[in-house]
Amino acid sequence: MRHTDKELLVKGIKSFGYTVAAMFLGPFLLYQAFKNEDHPFYIPVLILGILFAGLAIYLGFRSVNIVMDALFGKKSKD
């Protein structure tokens with residue numbers, strides 16, 4: 001029976017925290033960009049919003065992978 005890797009689990013939970021932050025920041029920046037299309041910073045804010053939305057997706061998959069590795073261990077290539 002395998003035991004949970006507590007250090008890796010803490011790393012995964014911290015990663016989930018960053019994921020949640022990116023999940024709120026991405027749509028917020030996109031909303032602000034589309035609300036102010038005539039503003040000179042429209043394009044930079046839109047690009048940042050898209051980047052944070054993509055980062056949230058990446059971090060979500062990475063966080064789940066880290067937590068799964070902590071709980072069940074890494075797959076061995078036997």
# chains A, B, ... in the order shown; residues from 1 in each chain; ligands from 1
call {"tool": "select_by_dssp", "arguments": {"residues": "segment 1-74 of chain A", "states": "alpha helix (DSSP H)", "output": "PyMOL selection string"}}
result
chain A and resi 6-35+42-72
call {"tool": "closest_residue", "arguments": {"among": "A:Lys35, A:Gly26, A:Ser63, A:Phe72", "to": "Leu51 of chain A", "atoms": "only C-alpha atoms"}}
result
A:Gly26
call {"tool": "residues_around", "arguments": {"residues": "Lys74 of chain A", "least_positions_apart": "2", "cutoff": "12 Å", "atoms": "only C-alpha atoms", "output": "list in words"}}
result
Arg2, Thr4, Asp5, Leu8, Asn65, Ile66, Val67, Met68, Asp69, Ala70, Leu71, Phe72, Ser76, Lys77 and Asp78 of chain A
call {"tool": "residues_around", "arguments": {"residues": "Leu59 of chain A", "least_positions_apart": "3", "cutoff": "12 Å", "atoms": "only C-alpha atoms", "output": "ChimeraX atom specification"}}
result
/A:12-23,51-56,62-66
call {"tool": "residues_around", "arguments": {"residues": "Pro44 of chain A", "least_positions_apart": "3", "cutoff": "12 Å", "atoms": "only C-alpha atoms", "output": "PyMOL selection string"}}
result
chain A and resi 29-30+32-34+36-37+39-41+47-51
call {"tool": "closest_residue", "arguments": {"among": "A:Val45, A:Phe61, A:Val10, A:His3", "to": "Leu25 of chain A", "atoms": "only C-alpha atoms"}}
result
A:Val45
call {"tool": "decode", "arguments": {"residues": "segment 9-69 of chain A", "atoms": "C-alpha atoms", "output": "compact mmCIF listing (two decimals), in the first residue's frame"}}
result
# COMPACT_ATOMS: atom_id res chain seq x y z
CA LEU A 9 0.32 17.17 -2.12
CA VAL A 10 1.10 20.60 -0.63
CA LYS A 11 2.76 21.58 -3.90
CA GLY A 12 -0.39 20.51 -5.79
CA ILE A 13 -2.67 22.47 -3.48
CA LYS A 14 -0.51 25.58 -3.89
CA SER A 15 -0.71 25.07 -7.63
CA PHE A 16 -4.51 24.93 -7.35
CA GLY A 17 -4.35 28.31 -5.61
CA TYR A 18 -2.50 29.81 -8.57
CA THR A 19 -5.02 28.12 -10.88
CA VAL A 20 -7.95 29.76 -9.10
CA ALA A 21 -6.24 33.16 -9.26
CA ALA A 22 -5.68 32.78 -13.02
CA MET A 23 -9.25 31.54 -13.47
CA PHE A 24 -10.59 34.80 -12.05
CA LEU A 25 -7.97 37.14 -13.51
CA GLY A 26 -8.30 35.89 -17.11
CA PRO A 27 -12.04 36.50 -17.54
CA PHE A 28 -11.81 39.74 -15.56
CA LEU A 29 -9.14 41.10 -17.93
CA LEU A 30 -11.11 39.93 -20.96
CA TYR A 31 -14.24 41.63 -19.66
CA GLN A 32 -12.35 44.87 -19.02
CA ALA A 33 -10.82 44.77 -22.49
CA PHE A 34 -14.13 44.22 -24.28
CA LYS A 35 -15.83 46.85 -22.14
CA ASN A 36 -13.24 49.48 -23.15
CA GLU A 37 -12.63 48.76 -26.85
CA ASP A 38 -11.90 52.43 -27.61
CA HIS A 39 -9.16 52.68 -24.96
CA PRO A 40 -5.51 52.71 -26.13
CA PHE A 41 -4.66 49.74 -23.87
CA TYR A 42 -7.39 47.55 -25.42
CA ILE A 43 -4.99 45.21 -27.26
CA PRO A 44 -2.46 44.72 -24.39
CA VAL A 45 -5.25 44.02 -21.87
CA LEU A 46 -6.94 41.64 -24.31
CA ILE A 47 -3.66 39.77 -24.87
CA LEU A 48 -3.07 39.53 -21.11
CA GLY A 49 -6.59 38.21 -20.60
CA ILE A 50 -6.10 35.52 -23.24
CA LEU A 51 -2.73 34.56 -21.74
CA PHE A 52 -4.18 34.28 -18.22
CA ALA A 53 -7.10 32.21 -19.52
CA GLY A 54 -4.68 29.83 -21.22
CA LEU A 55 -2.50 29.76 -18.12
CA ALA A 56 -5.52 28.80 -16.02
CA ILE A 57 -6.21 25.82 -18.29
CA TYR A 58 -2.57 24.70 -18.20
CA LEU A 59 -2.29 25.11 -14.43
CA GLY A 60 -5.55 23.22 -13.92
CA PHE A 61 -4.25 20.13 -15.72
CA ARG A 62 -0.84 20.45 -14.05
CA SER A 63 -2.38 20.78 -10.58
CA VAL A 64 -4.57 17.71 -11.03
CA ASN A 65 -1.55 15.77 -12.27
CA ILE A 66 0.53 16.78 -9.24
CA VAL A 67 -2.20 15.82 -6.78
CA MET A 68 -2.80 12.49 -8.54
CA ASP A 69 0.94 11.74 -8.37
